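**Q** As input, take structure06.txt (compact mmCIF, C-alpha atoms (C1' of nucleotides) and all ligand atoms):
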# COMPACT_ATOMS: atom_id res chain seq x y z
CA MET A 104 84.68 100.09 99.36
CA GLN A 105 87.49 97.96 100.67
CA ILE A 106 89.04 96.82 103.91
CA THR A 107 92.49 98.21 104.67
CA SER A 108 95.56 96.18 103.83
CA TYR A 109 96.26 96.46 107.54
CA THR A 110 93.28 94.21 108.23
CA ASP A 111 94.02 91.87 105.36
CA TYR A 112 97.61 91.53 106.54
CA ALA A 113 96.33 90.58 109.98
CA LEU A 114 94.34 87.77 108.47
CA ARG A 115 97.28 86.67 106.35
CA VAL A 116 99.42 86.53 109.47
CA LEU A 117 96.94 84.26 111.20
CA MET A 118 96.66 82.01 108.17
CA PHE A 119 100.41 81.83 107.78
CA ILE A 120 100.97 80.87 111.40
CA ALA A 121 98.23 78.27 111.24
CA LYS A 122 99.84 76.70 108.21
CA SER A 123 103.37 76.78 109.60
CA PRO A 124 104.60 73.28 110.41
CA THR A 125 105.82 74.30 113.86
CA GLY A 126 102.98 76.72 114.60
CA GLN A 127 105.67 79.24 115.39
CA THR A 128 107.11 81.89 113.07
CA THR A 129 108.56 85.40 112.97
CA ILE A 130 107.49 88.73 111.53
CA THR A 131 110.44 88.72 109.14
CA GLU A 132 109.45 85.33 107.78
CA ILE A 133 105.90 86.49 107.11
CA ALA A 134 106.98 89.79 105.54
CA ASP A 135 109.37 87.93 103.24
CA PHE A 136 106.76 85.37 102.31
CA PHE A 137 104.15 87.92 101.29
CA ASN A 138 106.73 90.45 100.14
CA ILE A 139 105.13 93.22 102.17
CA SER A 140 106.48 95.94 104.45
CA ARG A 141 108.00 94.46 107.58
CA ASN A 142 107.50 97.74 109.43
CA HIS A 143 103.82 97.73 108.68
CA LEU A 144 103.55 94.11 109.74
CA VAL A 145 105.19 94.85 113.07
CA LYS A 146 102.25 97.07 113.97
CA VAL A 147 99.71 94.60 112.66
CA VAL A 148 101.26 91.82 114.75
CA HIS A 149 101.48 94.00 117.79
CA GLN A 150 97.77 94.76 117.61
CA LEU A 151 96.96 91.11 116.98
CA GLY A 152 98.89 90.43 120.16
CA SER A 153 97.19 93.08 122.25
CA LYS A 154 93.78 91.85 121.06
CA GLY A 155 94.63 88.33 122.16
CA PHE A 156 94.83 86.57 118.81
CA VAL A 157 98.53 85.81 118.84
CA LYS A 158 101.11 85.24 121.51
CA THR A 159 104.34 87.10 120.87
CA THR A 160 107.66 86.37 122.49
CA ARG A 161 110.64 88.67 122.28
CA GLY A 162 114.27 87.81 122.27
CA LYS A 163 116.33 85.18 120.56
CA GLY A 164 114.27 82.21 119.53
CA GLY A 165 111.11 84.24 119.95
CA GLY A 166 108.37 84.93 117.43
CA LEU A 167 104.66 84.46 117.24
CA ALA A 168 102.11 81.71 117.59
CA LEU A 169 98.33 81.51 117.72
CA GLN A 170 96.89 82.04 121.15
CA ARG A 171 93.93 79.79 120.38
CA PRO A 172 93.34 77.01 117.86
CA PRO A 173 92.06 78.16 114.45
CA GLU A 174 88.58 76.83 115.20
CA MET A 175 88.32 79.33 118.04
CA ILE A 176 89.37 82.39 116.04
CA ASN A 177 86.39 84.13 114.50
CA ILE A 178 87.01 86.15 111.34
CA GLY A 179 84.45 88.80 112.26
CA ASP A 180 86.22 89.36 115.56
CA VAL A 181 89.52 89.83 113.81
CA VAL A 182 88.12 92.27 111.28
CA ARG A 183 86.35 94.25 113.99
CA SER A 184 89.58 94.39 115.99
CA MET A 185 91.71 95.63 113.12
CA GLU A 186 89.45 97.89 111.08
CA ASN A 187 89.14 101.17 112.91
CA HIS A 188 85.52 102.00 112.23
CA PHE A 189 82.37 100.87 110.50
CA ASN A 190 80.75 104.23 109.88
CA TRP A 191 79.03 103.06 106.74
CA VAL A 192 77.63 106.54 106.20
CA GLU A 193 78.65 109.88 107.64
CA CYS A 194 75.92 110.04 110.29
CA PHE A 195 77.20 106.84 111.96
CA ASP A 196 80.04 108.94 113.32
CA PRO A 197 78.85 110.58 116.57
CA ALA A 198 81.04 113.57 115.72
CA GLN A 199 79.20 114.15 112.41
CA GLN A 200 75.56 114.77 113.17
CA HIS A 201 74.85 117.67 110.87
CA CYS A 202 72.97 115.99 108.02
CA ARG A 203 69.64 117.73 107.52
CA LEU A 204 67.83 114.43 107.08
CA LEU A 205 68.54 113.33 110.63
CA PRO A 206 67.06 111.82 112.67
CA ASN A 207 64.38 110.16 110.53
CA CYS A 208 66.41 109.11 107.53
CA GLY A 209 65.50 105.58 106.54
CA LEU A 210 68.74 105.26 104.64
CA LYS A 211 70.67 105.24 107.86
CA HIS A 212 68.79 102.20 109.07
CA LEU A 213 69.17 100.48 105.75
CA PHE A 214 72.94 100.88 105.89
CA ALA A 215 72.93 99.63 109.45
CA ARG A 216 71.18 96.48 108.31
CA ALA A 217 73.53 96.08 105.34
CA GLY A 218 76.58 96.49 107.55
CA ASN A 219 75.24 93.96 110.00
CA ALA A 220 74.58 91.50 107.21
CA TYR A 221 78.18 91.94 106.08
CA LEU A 222 79.60 91.35 109.53
CA ASP A 223 77.23 88.45 110.16
CA VAL A 224 78.81 86.59 107.28
CA LEU A 225 82.29 87.25 108.64
CA ASP A 226 81.07 86.15 112.07
CA SER A 227 79.92 82.86 110.60
CA ALA A 228 83.44 81.69 109.78
CA THR A 229 86.54 80.82 111.74
CA LEU A 230 90.18 80.80 110.77
CA ALA A 231 89.88 77.05 110.36
CA ASP A 232 87.09 77.51 107.80
CA VAL A 233 89.01 79.88 105.56
CA LEU A 234 92.03 77.58 105.62
CA LEU A 235 90.10 74.64 104.22
CA GLY A 236 91.05 75.20 100.59
CA ILE A 237 94.70 75.77 101.41
CA THR A 238 96.23 72.33 101.73
CA THR A 239 99.87 73.28 101.93
CA ILE A 240 101.71 76.50 101.24
CA ASP A 241 105.27 76.88 100.09
CA LEU A 242 106.71 78.67 103.07
CA ASN A 243 109.76 79.95 101.22
CA PRO A 244 110.18 83.69 100.91
CA GLN A 245 108.84 85.24 97.75
CA ILE A 246 111.44 86.12 95.16
CA PRO A 247 110.21 89.39 93.67
CA MET B 788 84.93 101.04 106.15
CA GLN B 789 82.64 103.67 104.76
CA ILE B 790 80.96 104.69 101.53
CA THR B 791 82.22 107.88 99.94
CA SER B 792 80.41 111.14 100.57
CA TYR B 793 80.05 111.19 96.80
CA THR B 794 77.67 108.23 97.05
CA ASP B 795 75.87 109.53 100.10
CA TYR B 796 75.36 112.88 98.39
CA ALA B 797 73.83 111.08 95.43
CA LEU B 798 71.30 109.46 97.74
CA ARG B 799 70.61 112.76 99.47
CA VAL B 800 69.94 114.35 96.10
CA LEU B 801 67.39 111.69 95.24
CA MET B 802 65.70 112.01 98.63
CA PHE B 803 65.61 115.77 98.37
CA ILE B 804 64.05 115.74 94.92
CA ALA B 805 61.50 113.15 96.00
CA LYS B 806 60.47 115.32 98.95
CA SER B 807 60.34 118.55 96.97
CA PRO B 808 56.74 119.75 96.59
CA THR B 809 57.16 120.31 92.86
CA GLY B 810 59.40 117.30 92.22
CA GLN B 811 61.76 119.74 90.55
CA THR B 812 64.78 121.46 92.09
CA THR B 813 68.27 122.79 91.32
CA ILE B 814 71.80 121.85 92.34
CA THR B 815 72.22 125.16 94.15
CA GLU B 816 69.11 124.53 96.24
CA ILE B 817 70.36 121.11 97.29
CA ALA B 818 73.88 122.34 98.06
CA ASP B 819 72.48 125.14 100.19
CA PHE B 820 70.09 122.81 102.00
CA PHE B 821 72.79 120.32 102.99
CA ASN B 822 75.52 122.95 103.21
CA ILE B 823 77.87 120.96 101.03
CA SER B 824 80.15 121.79 98.11
CA ARG B 825 78.14 122.83 95.08
CA ASN B 826 81.05 121.90 92.80
CA HIS B 827 81.13 118.41 94.16
CA LEU B 828 77.38 118.09 93.79
CA VAL B 829 77.54 119.10 90.16
CA LYS B 830 79.55 115.98 89.43
CA VAL B 831 77.32 113.80 91.56
CA VAL B 832 74.23 115.07 89.75
CA HIS B 833 75.85 114.70 86.37
CA GLN B 834 76.60 111.05 87.09
CA LEU B 835 73.11 110.49 88.45
CA GLY B 836 71.90 111.88 85.16
CA SER B 837 74.11 109.74 82.96
CA LYS B 838 73.09 106.64 84.91
CA GLY B 839 69.44 107.42 84.31
CA PHE B 840 68.30 108.23 87.83
CA VAL B 841 67.57 111.90 87.29
CA LYS B 842 66.56 114.00 84.35
CA THR B 843 68.52 117.23 84.11
CA THR B 844 67.54 120.26 82.09
CA ARG B 845 69.86 123.14 81.39
CA GLY B 846 69.02 126.74 80.94
CA LYS B 847 66.69 129.13 82.66
CA GLY B 848 63.94 127.35 84.52
CA GLY B 849 65.92 124.13 84.33
CA GLY B 850 67.01 121.86 87.13
CA LEU B 851 66.56 118.24 88.03
CA ALA B 852 63.79 115.77 88.60
CA LEU B 853 63.56 112.04 89.15
CA GLN B 854 63.46 110.02 85.97
CA ARG B 855 61.35 107.32 87.63
CA PRO B 856 59.04 107.26 90.64
CA PRO B 857 60.77 106.54 93.98
CA GLU B 858 59.29 103.04 94.07
CA MET B 859 61.25 102.21 90.94
CA ILE B 860 64.62 103.47 92.17
CA ASN B 861 66.59 100.73 93.88
CA ILE B 862 69.14 101.81 96.49
CA GLY B 863 71.56 99.04 95.59
CA ASP B 864 71.54 100.20 91.99
CA VAL B 865 72.34 103.74 93.03
CA VAL B 866 75.19 102.69 95.32
CA ARG B 867 76.64 100.41 92.65
CA SER B 868 76.44 103.25 90.12
CA MET B 869 78.18 105.79 92.33
CA GLU B 870 80.76 103.83 94.31
CA ASN B 871 83.67 103.11 92.04
CA HIS B 872 84.57 99.63 93.18
CA PHE B 873 83.72 96.85 95.57
CA ASN B 874 87.12 95.21 95.89
CA TRP B 875 86.51 94.10 99.44
CA VAL B 876 90.02 92.70 99.63
CA GLU B 877 93.07 93.33 97.49
CA CYS B 878 92.76 90.17 95.38
CA PHE B 879 89.32 91.26 94.06
CA ASP B 880 91.17 93.75 91.90
CA PRO B 881 92.20 91.98 88.69
CA ALA B 882 95.32 94.15 88.63
CA GLN B 883 96.44 92.89 92.05
CA GLN B 884 96.91 89.16 91.86
CA HIS B 885 100.16 88.73 93.71
CA CYS B 886 99.00 87.45 97.09
CA ARG B 887 100.78 84.19 97.86
CA LEU B 888 97.61 82.59 99.16
CA LEU B 889 95.90 82.74 95.80
CA PRO B 890 94.05 80.98 94.32
CA ASN B 891 92.78 78.77 97.13
CA CYS B 892 92.26 81.32 99.88
CA GLY B 893 88.94 80.73 101.59
CA LEU B 894 88.98 84.27 102.92
CA LYS B 895 88.41 85.61 99.45
CA HIS B 896 85.20 83.66 99.13
CA LEU B 897 84.08 84.68 102.59
CA PHE B 898 84.49 88.34 101.72
CA ALA B 899 82.64 87.76 98.47
CA ARG B 900 79.72 86.36 100.44
CA ALA B 901 79.86 89.18 102.97
CA GLY B 902 79.91 91.80 100.23
CA ASN B 903 76.97 90.17 98.50
CA ALA B 904 75.03 90.08 101.75
CA TYR B 905 75.69 93.79 102.14
CA LEU B 906 74.53 94.63 98.64
CA ASP B 907 71.54 92.30 98.94
CA VAL B 908 70.22 94.43 101.79
CA LEU B 909 70.66 97.58 99.73
CA ASP B 910 68.97 95.84 96.81
CA SER B 911 65.98 95.07 99.00
CA ALA B 912 64.99 98.72 99.39
CA THR B 913 63.81 101.47 97.10
CA LEU B 914 64.00 105.22 97.41
CA ALA B 915 60.36 105.14 98.51
CA ASP B 916 61.25 102.80 101.39
CA VAL B 917 64.00 104.98 102.83
CA LEU B 918 61.75 108.02 102.63
CA LEU B 919 59.08 106.46 104.82
CA GLY B 920 60.26 107.98 108.10
CA ILE B 921 60.72 111.42 106.59
CA THR B 922 57.27 112.99 106.58
CA THR B 923 58.22 116.51 105.60
CA ILE B 924 61.52 118.33 105.42
CA ASP B 925 62.11 122.03 105.83
CA LEU B 926 63.39 122.88 102.38
CA ASN B 927 64.98 126.14 103.45
CA PRO B 928 68.72 126.47 103.04
CA GLN B 929 70.79 125.61 106.05
CA ILE B 930 72.14 128.60 107.97
CA PRO B 931 75.62 127.52 109.05
C1' DG C 897 127.92 88.98 131.02
C1' DT C 898 127.79 90.03 126.51
C1' DA C 899 126.40 89.37 121.80
C1' DT C 900 122.52 88.41 119.08
C1' DA C 901 117.90 88.06 117.68
C1' DA C 902 113.47 88.95 118.40
C1' DG C 903 109.34 92.19 119.11
C1' DA C 904 107.80 97.31 120.85
C1' DT C 905 107.34 102.16 120.25
C1' DG C 906 107.16 106.71 118.40
C1' DT C 907 107.75 109.78 114.71
C1' DA C 908 108.25 111.15 110.04
C1' DT C 909 107.54 110.62 105.22
C1' DT C 910 105.38 109.07 101.13
C1' DT C 911 101.50 107.70 98.51
C1' DA C 912 96.75 107.21 97.24
C1' DT C 913 92.22 108.62 97.45
C1' DT C 914 88.73 111.76 98.10
C1' DA C 915 86.89 116.19 98.37
C1' DT C 916 86.88 120.85 96.97
C1' DA C 917 87.82 124.89 94.18
C1' DC C 918 88.20 127.38 89.95
C1' DA C 919 87.76 128.63 85.20
C1' DC C 920 85.33 128.18 81.32
C1' DC C 921 81.83 125.91 78.16
C1' DT C 922 77.02 124.78 76.51
C1' DA C 923 72.10 124.96 76.51
C1' DT C 924 67.63 127.20 76.96
C1' DA C 925 63.84 130.02 78.36
C1' DA C 926 62.24 134.51 79.23
C1' DT D 1081 70.29 138.78 74.19
C1' DT D 1082 70.70 138.17 78.75
C1' DA D 1083 70.16 135.58 82.78
C1' DT D 1084 70.14 131.07 84.55
C1' DA D 1085 70.73 126.48 84.51
C1' DG D 1086 73.88 122.31 84.08
C1' DG D 1087 78.59 120.28 81.78
C1' DT D 1088 83.63 119.71 81.55
C1' DG D 1089 88.44 119.65 82.61
C1' DT D 1090 92.05 120.74 85.54
C1' DA D 1091 94.17 122.05 89.73
C1' DT D 1092 94.51 122.11 94.64
C1' DA D 1093 93.56 120.73 99.40
C1' DA D 1094 92.46 117.58 102.86
C1' DT D 1095 92.44 113.04 104.63
C1' DA D 1096 93.65 108.48 105.30
C1' DA D 1097 96.66 104.82 104.67
C1' DA D 1098 100.97 102.73 103.94
C1' DT D 1099 105.76 102.77 104.50
C1' DA D 1100 110.23 104.06 106.35
C1' DC D 1101 113.41 105.10 110.03
C1' DA D 1102 115.44 105.37 114.54
C1' DT D 1103 115.63 103.70 118.93
C1' DC D 1104 114.19 100.89 122.81
C1' DT D 1105 113.15 96.58 125.39
C1' DT D 1106 113.26 91.70 126.14
C1' DA D 1107 115.12 87.15 126.19
C1' DT D 1108 118.02 83.43 124.82
C1' DA D 1109 122.47 81.37 123.75
C1' DC D 1110 127.12 81.03 124.33
S1 LIG A 1201 71.32 111.10 104.15
FE1 LIG A 1201 70.62 109.74 105.80
S2 LIG A 1201 72.24 108.18 105.83
FE2 LIG A 1201 73.14 109.89 104.69
S3 LIG A 1201 74.17 111.09 106.28
FE3 LIG A 1201 72.09 111.96 106.07
S4 LIG A 1201 70.95 110.90 107.68
FE4 LIG A 1201 72.80 109.71 107.37
S1 LIG A 1202 94.81 86.69 101.99
FE1 LIG A 1202 93.19 85.77 100.76
S2 LIG A 1202 91.65 87.39 100.69
FE2 LIG A 1202 93.54 88.42 101.36
S3 LIG A 1202 94.46 89.11 99.42
FE3 LIG A 1202 95.34 87.09 99.84
S4 LIG A 1202 94.02 85.71 98.66
FE4 LIG A 1202 92.89 87.63 98.84
Would you mind writing the file's structure down as structure tokens?

**A**
Amino acid sequence: MQITSYTDYALRVLMFIAKSPTGQTTITEIADFFNISRNHLVKVVHQLGSKGFVKTTRGKGGGLALQRPPEMINIGDVVRSMENHFNWVECFDPAQQHCRLLPNCGLKHLFARAGNAYLDVLDSATLADVLLGITTIDLNPQIP
Amino acid sequence: MQITSYTDYALRVLMFIAKSPTGQTTITEIADFFNISRNHLVKVVHQLGSKGFVKTTRGKGGGLALQRPPEMINIGDVVRSMENHFNWVECFDPAQQHCRLLPNCGLKHLFARAGNAYLDVLDSATLADVLLGITTIDLNPQIP
DNA sequence: GTATAAGATGTATTTATTATACACCTATAA
DNA sequence: TTATAGGTGTATAATAAATACATCTTATAC
């Protein structure tokens, strides 16, 4: 039971940009800092862009910046945008409706409530909130 | 973001036993009813047994029964016993402590709260609760 | 206008996890 | 003593996720 690194990387990207002195950075800088796959990050950033969280600019001198201030970026929104489904149990998937306990299984509703409780907590925080503990970060690339 | 079928099967087993007229059944009966892998179920049932949720008896006339009444079986306990970890994000895993935002990342604490909220909901229900909607089930094997 | 630096896109490969299958063992009641 | 039940360990298959690679597009600087 874990979110994908894809989603976690998205959140790291947002945090890194927010903590960058200029508010502007590049994919390569972020990949070097966290020592993670640049190729993977490219796709994360692209999706963050298409979902309206970051503004990307191509070409020399380009890079990425937040589209909105951290106070306006909700963590639940980000997680929902990056994670590809929240089918907590099999029967949540419309394509998998063969469980013999359907449609009156109380478990299904319990998991729905649990999942909502989980997302409610994420919805209660913004990027600004999760940055509170992080005063400054050493922006240098990680030496592995 | 989904629990494993392993865990869901465990819960189905408990529900099936609870709804069985005799309170006693066999792995083969359950596998046939849900049309799922008997081999997989064997391991699910074994673990349910070793965690004290069901009582298994070998040999002719054997099978499985609940060890406690449904009111005493907490869903959260079952899920915790079957799912093999709740490392909501990478840094929850003690073996993965290389994220550059450690140790002051607020996101980590947010996910901890979200995960707890999720499990709290599961902890709030018993097997008896999730069975409420299910009045009777046709115990015949599924014809695929 | 051309070289350079940035992100965009599509595909392929590798890795990890989960699910399933198979062979064989142990226990127990009829 | 045989049939029936679960137990155990290993191997394989299926799925999902992460990573790598090749190529394209865009934009700035000079
Ligand atoms: S047992 Fe209940 S929750 Fe699980 S798949 Fe079947 S209907 Fe859904
Ligand atoms: S970004 Fe925060 S939550 Fe994610 S792995 Fe790093 S420390 Fe943990």

**Q** Contacts from chain D to chain A, 8 Å maximum, all atoms listed in the file: show me the residue list as an NGL selection string.

**A** :D and (1097-1100 or 1106-1109)

**Q** Counting all atoms listed in the file, what are the residues of segment 158-219 of chain A within 12 Å of segment 865-888 of chain B, and for each of them which pair of atoms is the nearest and at what distance in Å, to one decimal? Sort the table by chain and rising number, as a tab-separated table.

**A**
residue	atom	partner	partner_atom	distance
A:Val182	CA	B:Val876	CA	11.8
A:Val192	CA	B:Val866	CA	11.8
A:Leu210	CA	B:Val866	CA	11.6
A:Phe214	CA	B:Val866	CA	11.0

**Q** Considering all atoms listed in the file, can you say which of A:Gln150, A:Asn138, A:Ser123, A:Gln170 comes closest to chain C?

**A** A:Gln150

**Q** Near segment 1088-1094 of chain D, counting all atoms listed in the file, which residues have an atom at most 10 Å away, once you skip same-chain residues fewer than 2 positions from it, shown as JSON, numbers by chain?

**A** {"B": [830], "C": [914, 915, 916, 917, 918, 919, 920, 921, 922], "D": [1096]}

**Q** With a distance cut-off of 9 Å and all atoms listed in the file, select the neighbouring residues of DA904 of chain C, excluding the residue or stretch itself and same-chain residues fewer than 4 positions from it, and output the selection as a VMD selection string.

**A** (chain A and resid 145 to 146 149) or (chain D and resid 1104 to 1105)

**Q** Chain C residues within 12 Å of chain A, counting all atoms listed in the file: which ones, as an MDAnalysis selection string?

**A** chainID C and resid 899:906 913

**Q** Just to be explicit: take each residue in the selection above, keep C-alpha atoms (C1' of nucleotides), and write the result as a PDB file, keeping the file's coordinate frame.

**A**
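Below is the file that was written, selection_19.pdb:
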ATOM      1  C1'  DA C 899     126.400  89.370 121.800  1.00  0.00           C
ATOM      2  C1'  DT C 900     122.520  88.410 119.080  1.00  0.00           C
ATOM      3  C1'  DA C 901     117.900  88.060 117.680  1.00  0.00           C
ATOM      4  C1'  DA C 902     113.470  88.950 118.400  1.00  0.00           C
ATOM      5  C1'  DG C 903     109.340  92.190 119.110  1.00  0.00           C
ATOM      6  C1'  DA C 904     107.800  97.310 120.850  1.00  0.00           C
ATOM      7  C1'  DT C 905     107.340 102.160 120.250  1.00  0.00           C
ATOM      8  C1'  DG C 906     107.160 106.710 118.400  1.00  0.00           C
ATOM      9  C1'  DT C 913      92.220 108.620  97.450  1.00  0.00           C
TER      10       DT C 913
END

**Q** Interatomic distance between atom FE4 of ligand LIG 1201 (chain A) and atom CA of Gly839 of chain B?

**A** 23.4 Å

**Q** With a cut-off of 6 Å and counting all atoms listed in the file, select all residues of chain B in contact with chain A and give the selection as a list in words.

**A**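 Selected residues: Met788, Gln789, Ile790, Phe873, Asn874, Trp875, Val876, Asn891, Gly893, Leu894, Ala901, Ala904, Tyr905, Val908, Val917, Leu918, Gly920 and Ile921 of chain B.
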
**Q** Just to confirm, what's the straight-line distance from atom CA of Val147 of chain A to atom CA of Ala113 of chain A in Å (one decimal)?

**A**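 Computing the Euclidean distance for atom CA of Val147 of chain A and atom CA of Ala113 of chain A yields 5.9 Å.
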
**Q** Do you have the atom CA of Glu174 of chain A-atom FE2 of ligand LIG 1202 (chain A) distance handy?

**A**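 Computing the Euclidean distance for atom CA of Glu174 of chain A and atom FE2 of ligand LIG 1202 (chain A) yields 18.7 Å.
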
**Q** I'd like to know which of C:DA926, C:DT907, C:DA912, C:DG897 is closest to DT1095 of chain D, using all atoms listed in the file.

**A**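 Distance minimum relative to DT1095 of chain D lands on C:DA912.
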